[in-house]
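Report on the following structure.
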Protein chains: 2
Amino acid sequence: MNYCFGVDIGGTTVKLGLFQEDGKLQEKWEIKTRIEDKGSRILPDIAESLMDCLEKNGISKEEVAGIGIGVPAPITEEGIVKATANLGWEYKNVKKEMEELTGIKTATGNDANVAALGEMWLGGGRGCRNMIMVTLGTGVGGGILINGKILAGEHGAGGEIGHLCVNYEETESCGCGNHGCLEQYASATGITRLAKKKLEATDQDTVLREGEVSAKTVFDAVKAGDKVADEIAWEFGRYLGYALANLAAAVDPAAIVIGGGVSKAGEVLIPYIEKPYQERAFFADKDVRFTLAELGNDAGICGAAKLVLDEK
Amino acid sequence: MNYCFGVDIGGTTVKLGLFQEDGKLQEKWEIKTRIEDKGSRILPDIAESLMDCLEKNGISKEEVAGIGIGVPAPITEEGIVKATANLGWEYKNVKKEMEELTGIKTATGNDANVAALGEMWLGGGRGCRNMIMVTLGTGVGGGILINGKILAGEHGAGGEIGHLCVNYEETESCGCGNHGCLEQYASATGITRLAKKKLEATDQDTVLREGEVSAKTVFDAVKAGDKVADEIAWEFGRYLGYALANLAAAVDPAAIVIGGGVSKAGEVLIPYIEKPYQERAFFADKDVRFTLAELGNDAGICGAAKLVLDEK
C-alpha cells in the first residue's frame with residue numbers, strides 16, 4: 001500500500017494524479033470528459049486511464065490504497081449522485097461503479113469540498129482541523145472541514161457557501177433561482193457586475209473605464225492605487241467578509257482559505273475580506289487565520305487522494 | 001458498565017441524571033450552583049452528589065461508563081473552558097478536574113450543543129444524523145450535529161446561531177456587542193421587542209394592548225386569531241427562517257428542531273418559520289423536517305449522557 005489515486009472530474013477535463021502515501025504527487029495528467037450518452041463513458045475512461053498508469057509504472061493493484069474522486073455535484077456519503085448540471089449523469093452510484101470497474105476501493109466527495117480537504121492537507125490550510133474554504137471563480141464554491149473531515153451534509157450539499165443570501169433586497173436572480181446569493185457579488189462575474197454598476201453610478205476618474213472590466217482588471221487597478229477600484233473591492237469584501245462572519249458563528253473555524261481564479265490577485269485581497277469579517281465576527285470567532293489557497297488546480301486531486309488515505 | 005451520568009450545569013442549578021445505557025433515565029435531581037469563590041465548589045459539589053447517588057443505589061464505579069457534562073460556555077474538545085459569563089470560572093480543565101474528583105471517565109460539551117445531542121438521541125430529532133437545533137429562550141442558542149456528532153468548532157464556539165447577523169441596519173446592540181444578531185428578533189426578549197415596536201407603529205385593534213406583552217401573549221393571541229399578533233409572528237419567522245436557510249446552505253441538515261421557552265407555544269410556531277425558510281433555502285436543502293424539541297429541561301442531561309456513550 002504505497003500509492004493512491006486522486007481524480008477530479010470537471011465538465012471538460014478529468015484531472016488525475018498518482019500519489020505516494022506521504023502526499024508526494026508522483027505523476028499527474030488529464031483526460032477529456034466525455035459527457036455524451038449521459039456521461040456513460042466518464043467512469044470507464046477514468047478506470048482505463050488509471051489502469052494504464054499502473055501498468056506503465058509497474059505498480060500492482062495491491063500496492064494502491066484506493067481511488068479518491070471529486071465530483072461536480074452534490075454526492076452523499078455513500079457515493080451516490082442524484083443529478084449533475086454538466087456531466088450528463090442522472091442517478092449514479094459513483095463509488096460502487098468505480099470499484100466494480102477497477103477492483104480498487106473508492107472514496108468520493110463533492111469537488112469543492114474535496115478541494116478544501118486538499119488545501120488542508122497540503123496547501124493554505126496546513127495544520128488546521130477546522131477550516132472554511134471559499135472558492136471565488138465563475139461562481140462561488142466552498143468547503144467546510146470539521147475536525148479534519150468534510151462537512152458533506154444530509155444530501156451531499158454541505159458547504160454551498162455561494163448560496164448564502166447576503167442581500168434580501170436584490171432584484172436580479174442568481175443561477176440557483178434565488179436572489180441575493182453571495183455568488184452574485186463575490187464571484188469573478190459578481191465582481192464584474194459590481195464594477196459595472198459602480199462605473200455607471202460615479203463620474204470619478206478610474207483606469208477601469210479603459211477597456212473591458214473584469215475581476216482581474218479591478219484588482220490590477222487596486223494594486224495601482226485606483227480609488228474607484230478600491231471602493232469596488234470594499235463592496236466585494238463586505239459581502240464576503242460579513243457572510244464569512246455569519247458562517248463562522250456556526251462553524252467556528254481556525255482558518256479561512258480563499259481560492260479560485262479571483263484569489264490569483266494575491267495577498268492584496270485579504271484585508272478587503274478580513275476587515276469586514278472582524279467588524280462583524282462573534283467575539284469567540286475573531287481569532288481566525290485568513291490565507292490564500294496554494295494548490296491551484298491541483299487542490300482537487302490532492303483532496304481526492306486524501307479522502308482515500310483518511311478512510312484507511 | 002450499565003449506567004452513565006448526565007450533568008447539565010446552569011447558572012443557578014445543576015441538573016443531574018442517572019441513565020441506563022439504553023437511554024432510560026432512572027433518576028434525576030438538582031443541586032444548587034454555588035458560584036461564589038470563582039465557582040470553585042461547583043465541580044466538587046457535583047462529584048459528591050454523584051457519589052452519593054451511586055452509594056444510595058448500590059452501584060459501583062465500575063458499573064458506570066462515564067460522566068457527561070454540559071457547560072454554559074465555549075468549551076474545547078479537550079474539555080477546557082477559558083471563561084464563563086455566569087459560573088465564576090476562569091481557565092478550567094473541566095474534564096480533567098472531574099476525572100480526578102471521581103475517578104470516572106468524563107466527557108464535556110457546551111450546554112446548547114449537548115441539548116441538541118439529547119434531542120437527536122431521545123427527542124425531536126430522533127433518527128437524524130445531521131441536525132440543527134435552535135433554542136429560543138431569553139437568548140437564542142443552538143447546536144449543530146454533523147454525522148451524529150456535535151460541531152464544537154476550534155474554540156468550542158460552534159453553533160452560536162443566535163449571533164448570526166440578520167439585519168445590518170439595526171442600531172440597537174445585542175448582548176454580544178454586535179448589532180442585528182438573530183437573538184435580537186427571535187428570542188423571547190426579541191419577540192417582545194418586535195411586538196412593542198409593532199404596537200407603537202399601528203393603530204389596529206389587538207388583544208396585545210391589554211396588559212403586559214411577551215412572547216407568550218403574542219403566540220396566545222396568534223392562536224386566538226389576532227391579526228396584529230399574526231404579523232408579529234411573521235416578522236419573527238422571517239428573521240429566523242431566513243437565518244436557518246443560510247445556515248442550511250452551509251450545513252445541509254435533515255431536520256431543524258425548535259426548542260426553548262418560546263417553543264412551548266407548540267406546533268402553531270412551525271409554519272411561521274418553515275414558510276420563510278422554504279422561500280429562501282437553496283434547492284438541495286428544501287427537503288428538511290421542522291419539528292419541536294420534546295425533552296424540555298431534560299435535553300441537557302440526556303445529551304450529556306449520550307456524550308459518554310458515544311465515546312465508549
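Numbering starts fresh at 1 for the residues of each chain in the C-alpha cells, the chains themselves are lettered A, B, ... in the order given, and ligands are numbered from 1 as they appear.
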> Once you count only C-alpha atoms, which residues of chain B turn out to be within 6 Å of chain A? Could you give them as an NGL selection string?
Replying inline: :B and (153-154 or 157-161 or 164 or 246 or 249-254)
Would you export the selected residues with N, CA and C atoms as a CSV table (one decimal), in the first residue's frame, please?
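Output below, filename part.csv:
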```
chain,number,residue,atom,x,y,z
B,153,GLY,N,-16.3,23.1,17.0
B,153,GLY,CA,-15.5,24.2,16.4
B,153,GLY,C,-14.2,24.4,17.1
B,154,GLU,N,-13.4,25.3,16.6
B,154,GLU,CA,-12.0,25.4,17.0
B,154,GLU,C,-11.9,25.9,18.4
B,157,ALA,N,-16.9,27.2,20.2
B,157,ALA,CA,-18.0,28.1,20.0
B,157,ALA,C,-18.8,27.8,18.8
B,158,GLY,N,-18.8,26.6,18.3
B,158,GLY,CA,-19.6,26.2,17.2
B,158,GLY,C,-21.1,26.3,17.5
B,159,GLY,N,-21.9,26.5,16.5
B,159,GLY,CA,-23.4,26.5,16.7
B,159,GLY,C,-23.9,27.7,17.4
B,160,GLU,N,-23.2,28.8,17.4
B,160,GLU,CA,-23.7,30.1,18.0
B,160,GLU,C,-24.7,30.8,17.1
B,161,ILE,N,-25.8,30.1,16.9
B,161,ILE,CA,-26.8,30.5,15.9
B,161,ILE,C,-27.4,31.9,16.3
B,164,LEU,N,-25.8,35.0,14.5
B,164,LEU,CA,-25.8,35.3,13.0
B,164,LEU,C,-26.4,36.7,12.8
B,246,ASN,N,-29.9,30.2,5.4
B,246,ASN,CA,-28.5,30.4,5.2
B,246,ASN,C,-27.6,29.4,5.9
B,249,ALA,N,-27.5,26.2,4.0
B,249,ALA,CA,-26.7,26.2,2.8
B,249,ALA,C,-25.3,25.7,3.2
B,250,ALA,N,-24.9,26.0,4.4
B,250,ALA,CA,-23.6,25.5,4.9
B,250,ALA,C,-23.6,24.1,5.4
B,251,VAL,N,-24.7,23.8,6.1
B,251,VAL,CA,-24.8,22.5,7.0
B,251,VAL,C,-25.6,21.4,6.3
B,252,ASP,N,-26.5,21.7,5.5
B,252,ASP,CA,-27.4,20.7,4.8
B,252,ASP,C,-28.0,19.7,5.8
B,253,PRO,N,-28.9,20.1,6.7
B,253,PRO,CA,-29.4,19.2,7.7
B,253,PRO,C,-30.6,18.4,7.2
B,254,ALA,N,-30.9,17.3,7.9
B,254,ALA,CA,-32.1,16.5,7.7
B,254,ALA,C,-33.2,17.1,8.5
```
> Where in region 1-136 of chain A does DSSP assign alpha helix (DSSP H), given as a ChimeraX atom specification?
Replying inline: /A:36-39,42-57,94-102,111-122
After superposing chain B onto chain A (least squares, all C-alpha atoms, pairing by order), export the transformed chain as a short mmCIF file (atom, residue, chain, number, x, y, z; two decimals) with C-alpha atoms, in the first residue's frame.
```
data_model
loop_
_atom_site.label_atom_id
_atom_site.label_comp_id
_atom_site.auth_asym_id
_atom_site.auth_seq_id
_atom_site.Cartn_x
_atom_site.Cartn_y
_atom_site.Cartn_z
CA MET B 1 -0.03 -0.02 -0.06
CA ASN B 2 2.37 2.66 -1.23
CA TYR B 3 0.20 4.63 -3.61
CA CYS B 4 -3.22 6.17 -4.10
CA PHE B 5 -5.03 7.95 -6.91
CA GLY B 6 -6.73 11.34 -6.79
CA VAL B 7 -9.28 12.12 -9.51
CA ASP B 8 -11.03 15.45 -10.06
CA ILE B 9 -13.90 15.29 -12.55
CA GLY B 10 -14.73 18.55 -14.32
CA GLY B 11 -17.15 19.43 -17.10
CA THR B 12 -14.46 19.45 -19.81
CA THR B 13 -11.47 17.57 -18.40
CA VAL B 14 -10.77 14.99 -15.72
CA LYS B 15 -7.59 15.60 -13.74
CA LEU B 16 -5.82 12.53 -12.39
CA GLY B 17 -2.88 12.12 -10.02
CA LEU B 18 -0.77 9.26 -8.71
CA PHE B 19 0.28 9.98 -5.13
CA GLN B 20 2.62 8.33 -2.72
CA GLU B 21 1.05 7.86 0.67
CA ASP B 22 3.13 10.65 2.23
CA GLY B 23 1.42 13.13 -0.10
CA LYS B 24 4.08 13.30 -2.79
CA LEU B 25 2.44 13.78 -6.19
CA GLN B 26 4.38 11.40 -8.42
CA GLU B 27 2.57 11.97 -11.68
CA LYS B 28 -0.40 13.97 -12.93
CA TRP B 29 -2.27 14.08 -16.20
CA GLU B 30 -5.62 14.92 -17.77
CA ILE B 31 -8.17 13.22 -19.97
CA LYS B 32 -11.19 14.61 -21.77
CA THR B 33 -14.59 14.39 -20.02
CA ARG B 34 -16.88 12.64 -22.50
CA ILE B 35 -20.34 13.86 -21.46
CA GLU B 36 -22.20 12.33 -24.43
CA ASP B 37 -24.57 9.37 -23.84
CA LYS B 38 -25.49 10.72 -20.39
CA GLY B 39 -21.82 10.66 -19.42
CA SER B 40 -21.75 6.87 -19.53
CA ARG B 41 -18.09 6.82 -20.68
CA ILE B 42 -16.71 9.06 -17.94
CA LEU B 43 -16.05 6.46 -15.24
CA PRO B 44 -14.86 3.72 -17.68
CA ASP B 45 -12.46 6.26 -19.27
CA ILE B 46 -11.07 7.10 -15.84
CA ALA B 47 -10.73 3.43 -14.87
CA GLU B 48 -8.88 2.67 -18.09
CA SER B 49 -6.55 5.63 -17.66
CA LEU B 50 -5.72 4.60 -14.08
CA MET B 51 -5.01 1.00 -15.13
CA ASP B 52 -2.72 2.28 -17.90
CA CYS B 53 -0.86 4.35 -15.30
CA LEU B 54 -0.33 1.31 -13.06
CA GLU B 55 0.91 -0.79 -15.95
CA LYS B 56 3.25 1.91 -17.22
CA ASN B 57 4.80 2.35 -13.76
CA GLY B 58 4.92 -1.36 -12.96
CA ILE B 59 2.65 -0.91 -9.93
CA SER B 60 0.27 -3.71 -8.90
CA LYS B 61 -3.29 -3.07 -7.71
CA GLU B 62 -2.30 -4.43 -4.32
CA GLU B 63 0.06 -1.49 -3.86
CA VAL B 64 -2.80 1.00 -4.29
CA ALA B 65 -4.70 2.05 -1.16
CA GLY B 66 -7.59 3.40 -3.17
CA ILE B 67 -9.07 5.87 -5.62
CA GLY B 68 -10.47 9.19 -4.44
CA ILE B 69 -12.89 11.04 -6.72
CA GLY B 70 -14.20 14.59 -6.60
CA VAL B 71 -17.48 15.12 -8.44
CA PRO B 72 -19.02 18.46 -9.54
CA ALA B 73 -22.39 17.73 -7.92
CA PRO B 74 -23.91 17.00 -4.53
CA ILE B 75 -22.87 13.46 -3.59
CA THR B 76 -23.93 11.53 -0.50
CA GLU B 77 -21.54 9.94 1.97
CA GLU B 78 -22.38 6.62 0.29
CA GLY B 79 -21.10 7.92 -3.06
CA ILE B 80 -24.45 8.47 -4.76
CA VAL B 81 -25.12 11.32 -7.18
CA LYS B 82 -28.76 12.14 -7.94
CA ALA B 83 -28.23 14.63 -10.79
CA THR B 84 -25.43 16.69 -12.31
CA ALA B 85 -25.54 20.04 -14.10
CA ASN B 86 -22.72 19.35 -16.55
CA LEU B 87 -21.73 15.66 -16.71
CA GLY B 88 -24.96 14.24 -18.10
CA TRP B 89 -25.32 11.89 -15.13
CA GLU B 90 -28.68 11.23 -13.57
CA TYR B 91 -28.72 8.75 -10.64
CA LYS B 92 -25.30 7.16 -10.29
CA ASN B 93 -23.54 5.22 -7.55
CA VAL B 94 -20.06 6.53 -8.33
CA LYS B 95 -18.28 4.65 -5.57
CA LYS B 96 -19.79 1.27 -6.40
CA GLU B 97 -19.36 1.68 -10.15
CA MET B 98 -15.69 2.64 -9.89
CA GLU B 99 -14.99 -0.23 -7.49
CA GLU B 100 -16.56 -2.65 -9.97
CA LEU B 101 -14.60 -1.17 -12.87
CA THR B 102 -11.23 -1.30 -11.14
CA GLY B 103 -11.42 -3.69 -8.20
CA ILE B 104 -9.91 -0.89 -6.12
CA LYS B 105 -11.54 0.68 -3.07
CA THR B 106 -13.02 4.06 -3.95
CA ALA B 107 -13.95 7.14 -1.89
CA THR B 108 -15.95 10.08 -3.22
CA GLY B 109 -16.80 13.68 -2.39
CA ASN B 110 -18.10 16.90 -3.86
CA ASP B 111 -15.36 18.66 -5.86
CA ALA B 112 -15.39 21.91 -3.88
CA ASN B 113 -15.35 20.04 -0.56
CA VAL B 114 -12.57 17.78 -1.81
CA ALA B 115 -10.50 20.79 -2.93
CA ALA B 116 -10.89 22.22 0.58
CA LEU B 117 -9.59 18.94 2.00
CA GLY B 118 -6.62 19.17 -0.36
CA GLU B 119 -5.79 22.68 0.83
CA MET B 120 -5.97 21.49 4.44
CA TRP B 121 -3.67 18.59 3.74
CA LEU B 122 -1.00 20.18 1.56
CA GLY B 123 -1.96 23.81 0.94
CA GLY B 124 -3.05 27.05 2.61
CA GLY B 125 -4.82 25.31 5.51
CA ARG B 126 -1.95 23.02 6.53
CA GLY B 127 -2.09 22.16 10.22
CA CYS B 128 -5.78 23.08 10.62
CA ARG B 129 -8.59 20.79 11.72
CA ASN B 130 -11.46 23.28 11.38
CA MET B 131 -11.46 25.31 8.19
CA ILE B 132 -13.68 27.13 5.73
CA MET B 133 -12.54 27.33 2.12
CA VAL B 134 -14.26 29.68 -0.28
CA THR B 135 -13.53 29.37 -4.00
CA LEU B 136 -14.05 32.57 -5.97
CA GLY B 137 -14.34 31.54 -9.61
CA THR B 138 -17.08 31.90 -12.20
CA GLY B 139 -19.32 31.05 -9.25
CA VAL B 140 -18.58 30.87 -5.53
CA GLY B 141 -17.97 27.40 -4.17
CA GLY B 142 -16.84 26.26 -0.82
CA GLY B 143 -15.97 23.54 1.57
CA ILE B 144 -16.23 23.26 5.33
CA LEU B 145 -13.93 20.96 7.28
CA ILE B 146 -14.77 19.94 10.82
CA ASN B 147 -12.23 18.02 12.85
CA GLY B 148 -10.36 17.34 9.63
CA LYS B 149 -13.36 15.87 7.84
CA ILE B 150 -15.59 17.21 5.08
CA LEU B 151 -18.99 18.50 6.19
CA ALA B 152 -20.92 16.68 3.45
CA GLY B 153 -24.41 17.16 4.87
CA GLU B 154 -27.56 15.10 4.53
CA HIS B 155 -27.92 15.45 0.75
CA GLY B 156 -24.23 15.94 -0.05
CA ALA B 157 -24.82 19.68 -0.38
CA GLY B 158 -22.85 20.90 2.65
CA GLY B 159 -20.60 23.94 2.23
CA GLU B 160 -22.65 25.65 -0.51
CA ILE B 161 -21.27 28.95 0.65
CA GLY B 162 -22.03 30.72 -2.64
CA HIS B 163 -25.74 30.45 -1.92
CA LEU B 164 -25.88 32.18 1.42
CA CYS B 165 -28.21 35.13 0.95
CA VAL B 166 -26.33 38.36 1.64
CA ASN B 167 -28.78 40.88 0.18
CA TYR B 168 -32.51 40.40 0.67
CA GLU B 169 -33.23 43.49 -1.47
CA GLU B 170 -31.57 42.08 -4.63
CA THR B 171 -33.87 42.03 -7.68
CA GLU B 172 -31.58 40.17 -10.13
CA SER B 173 -31.64 36.35 -10.00
CA CYS B 174 -28.77 34.05 -9.08
CA GLY B 175 -28.20 30.97 -11.25
CA CYS B 176 -29.81 28.88 -8.49
CA GLY B 177 -33.10 30.78 -8.80
CA ASN B 178 -32.79 32.72 -5.53
CA HIS B 179 -31.99 36.42 -5.18
CA GLY B 180 -29.08 37.98 -3.32
CA CYS B 181 -26.75 34.96 -3.13
CA LEU B 182 -23.12 35.64 -2.18
CA GLU B 183 -22.18 34.31 -5.64
CA GLN B 184 -23.84 37.40 -7.18
CA TYR B 185 -21.25 39.68 -5.53
CA ALA B 186 -18.11 37.70 -4.75
CA SER B 187 -17.53 35.54 -7.85
CA ALA B 188 -15.48 36.82 -10.80
CA THR B 189 -18.77 37.53 -12.57
CA GLY B 190 -20.16 39.15 -9.43
CA ILE B 191 -17.18 41.48 -9.07
CA THR B 192 -17.53 42.46 -12.73
CA ARG B 193 -21.21 43.22 -12.07
CA LEU B 194 -20.37 45.36 -9.01
CA ALA B 195 -17.73 47.19 -11.07
CA LYS B 196 -20.08 47.97 -13.94
CA LYS B 197 -22.72 49.33 -11.54
CA LYS B 198 -20.09 51.46 -9.83
CA LEU B 199 -18.84 52.87 -13.13
CA GLU B 200 -22.40 53.83 -14.06
CA ALA B 201 -23.02 55.43 -10.67
CA THR B 202 -19.90 57.57 -10.45
CA ASP B 203 -18.14 60.22 -12.55
CA GLN B 204 -14.81 59.72 -10.80
CA ASP B 205 -11.71 59.13 -12.88
CA THR B 206 -10.61 55.49 -13.01
CA VAL B 207 -8.45 53.29 -15.20
CA LEU B 208 -11.37 50.87 -15.23
CA ARG B 209 -13.05 52.92 -17.97
CA GLU B 210 -10.22 51.92 -20.34
CA GLY B 211 -11.20 48.59 -21.93
CA GLU B 212 -13.22 45.61 -20.69
CA VAL B 213 -13.76 45.44 -16.93
CA SER B 214 -13.27 42.15 -15.04
CA ALA B 215 -12.33 40.88 -11.58
CA LYS B 216 -8.72 40.86 -12.78
CA THR B 217 -8.73 44.46 -14.06
CA VAL B 218 -10.40 45.57 -10.80
CA PHE B 219 -7.66 44.08 -8.61
CA ASP B 220 -4.91 45.21 -10.99
CA ALA B 221 -6.33 48.71 -10.61
CA VAL B 222 -6.47 48.27 -6.82
CA LYS B 223 -2.74 47.47 -6.87
CA ALA B 224 -2.13 50.57 -9.00
CA GLY B 225 -3.86 52.72 -6.34
CA ASP B 226 -7.09 53.38 -8.27
CA LYS B 227 -9.67 54.85 -5.89
CA VAL B 228 -12.80 53.58 -7.67
CA ALA B 229 -11.36 50.05 -7.82
CA ASP B 230 -10.63 50.32 -4.11
CA GLU B 231 -14.29 51.13 -3.44
CA ILE B 232 -15.45 48.19 -5.57
CA ALA B 233 -13.07 45.91 -3.68
CA TRP B 234 -14.52 47.08 -0.35
CA GLU B 235 -18.02 46.39 -1.59
CA PHE B 236 -17.00 42.86 -2.64
CA GLY B 237 -15.14 42.38 0.65
CA ARG B 238 -18.07 43.49 2.79
CA TYR B 239 -20.41 40.98 1.20
CA LEU B 240 -17.86 38.19 1.54
CA GLY B 241 -16.48 39.17 4.95
CA TYR B 242 -19.92 39.56 6.51
CA ALA B 243 -21.06 36.22 5.06
CA LEU B 244 -17.94 34.52 6.43
CA ALA B 245 -18.56 36.08 9.85
CA ASN B 246 -22.05 34.54 9.88
CA LEU B 247 -20.67 31.23 8.75
CA ALA B 248 -18.04 31.36 11.48
CA ALA B 249 -20.74 31.82 14.14
CA ALA B 250 -21.97 28.38 13.11
CA VAL B 251 -18.67 26.66 12.30
CA ASP B 252 -16.03 28.36 14.50
CA PRO B 253 -13.05 27.74 12.17
CA ALA B 254 -9.31 28.09 12.81
CA ALA B 255 -8.62 29.24 9.24
CA ILE B 256 -10.41 30.67 6.22
CA VAL B 257 -8.76 29.83 2.91
CA ILE B 258 -9.53 31.93 -0.19
CA GLY B 259 -9.12 30.14 -3.52
CA GLY B 260 -10.33 30.17 -7.10
CA GLY B 261 -9.41 32.41 -10.04
CA VAL B 262 -10.09 35.66 -8.17
CA SER B 263 -7.55 34.67 -5.49
CA LYS B 264 -4.78 34.96 -8.10
CA ALA B 265 -4.91 38.68 -7.29
CA GLY B 266 -2.81 37.61 -4.30
CA GLU B 267 -2.36 38.93 -0.76
CA VAL B 268 -3.89 42.30 -1.71
CA LEU B 269 -7.28 40.57 -1.48
CA ILE B 270 -7.07 39.56 2.18
CA PRO B 271 -7.59 42.89 4.02
CA TYR B 272 -10.71 43.63 1.96
CA ILE B 273 -12.24 40.43 3.33
CA GLU B 274 -10.68 40.26 6.78
CA LYS B 275 -11.55 43.79 7.95
CA PRO B 276 -15.33 43.43 7.38
CA TYR B 277 -15.09 39.92 8.86
CA GLN B 278 -13.53 41.28 12.04
CA GLU B 279 -16.15 44.05 12.23
CA ARG B 280 -18.94 41.49 12.34
CA ALA B 281 -17.52 38.28 13.79
CA PHE B 282 -18.84 36.91 17.10
CA PHE B 283 -16.15 37.53 19.75
CA ALA B 284 -15.21 33.85 20.03
CA ASP B 285 -14.55 33.67 16.27
CA LYS B 286 -12.19 36.63 15.86
CA ASP B 287 -9.06 34.51 16.25
CA VAL B 288 -9.03 33.21 12.66
CA ARG B 289 -6.21 32.96 10.15
CA PHE B 290 -7.05 34.25 6.65
CA THR B 291 -4.90 32.73 3.95
CA LEU B 292 -4.75 32.16 0.21
CA ALA B 293 -5.13 28.73 -1.36
CA GLU B 294 -1.79 27.34 -2.54
CA LEU B 295 -2.51 24.32 -4.68
CA GLY B 296 -4.35 25.92 -7.61
CA ASN B 297 -5.78 23.32 -9.96
CA ASP B 298 -4.11 20.50 -8.02
CA ALA B 299 -6.29 21.03 -4.91
CA GLY B 300 -8.92 18.64 -6.28
CA ILE B 301 -6.64 15.68 -6.99
CA CYS B 302 -4.79 16.23 -3.68
CA GLY B 303 -8.01 16.28 -1.67
CA ALA B 304 -9.33 13.26 -3.53
CA ALA B 305 -6.19 11.31 -2.65
CA LYS B 306 -6.56 12.39 0.98
CA LEU B 307 -10.14 11.05 1.02
CA VAL B 308 -8.68 7.61 0.43
CA LEU B 309 -5.92 7.93 3.00
CA ASP B 310 -8.41 9.12 5.66
CA GLU B 311 -10.52 6.02 5.12
CA LYS B 312 -7.62 3.62 5.56
#
```
> Just asking: which residues within region 5-113 of chain B are strand (DSSP E) according to DSSP, as an NGL selection string?
Replying inline: :B and (5-9 or 13-20 or 25-32 or 64-71 or 80-81 or 92-93 or 106-110)
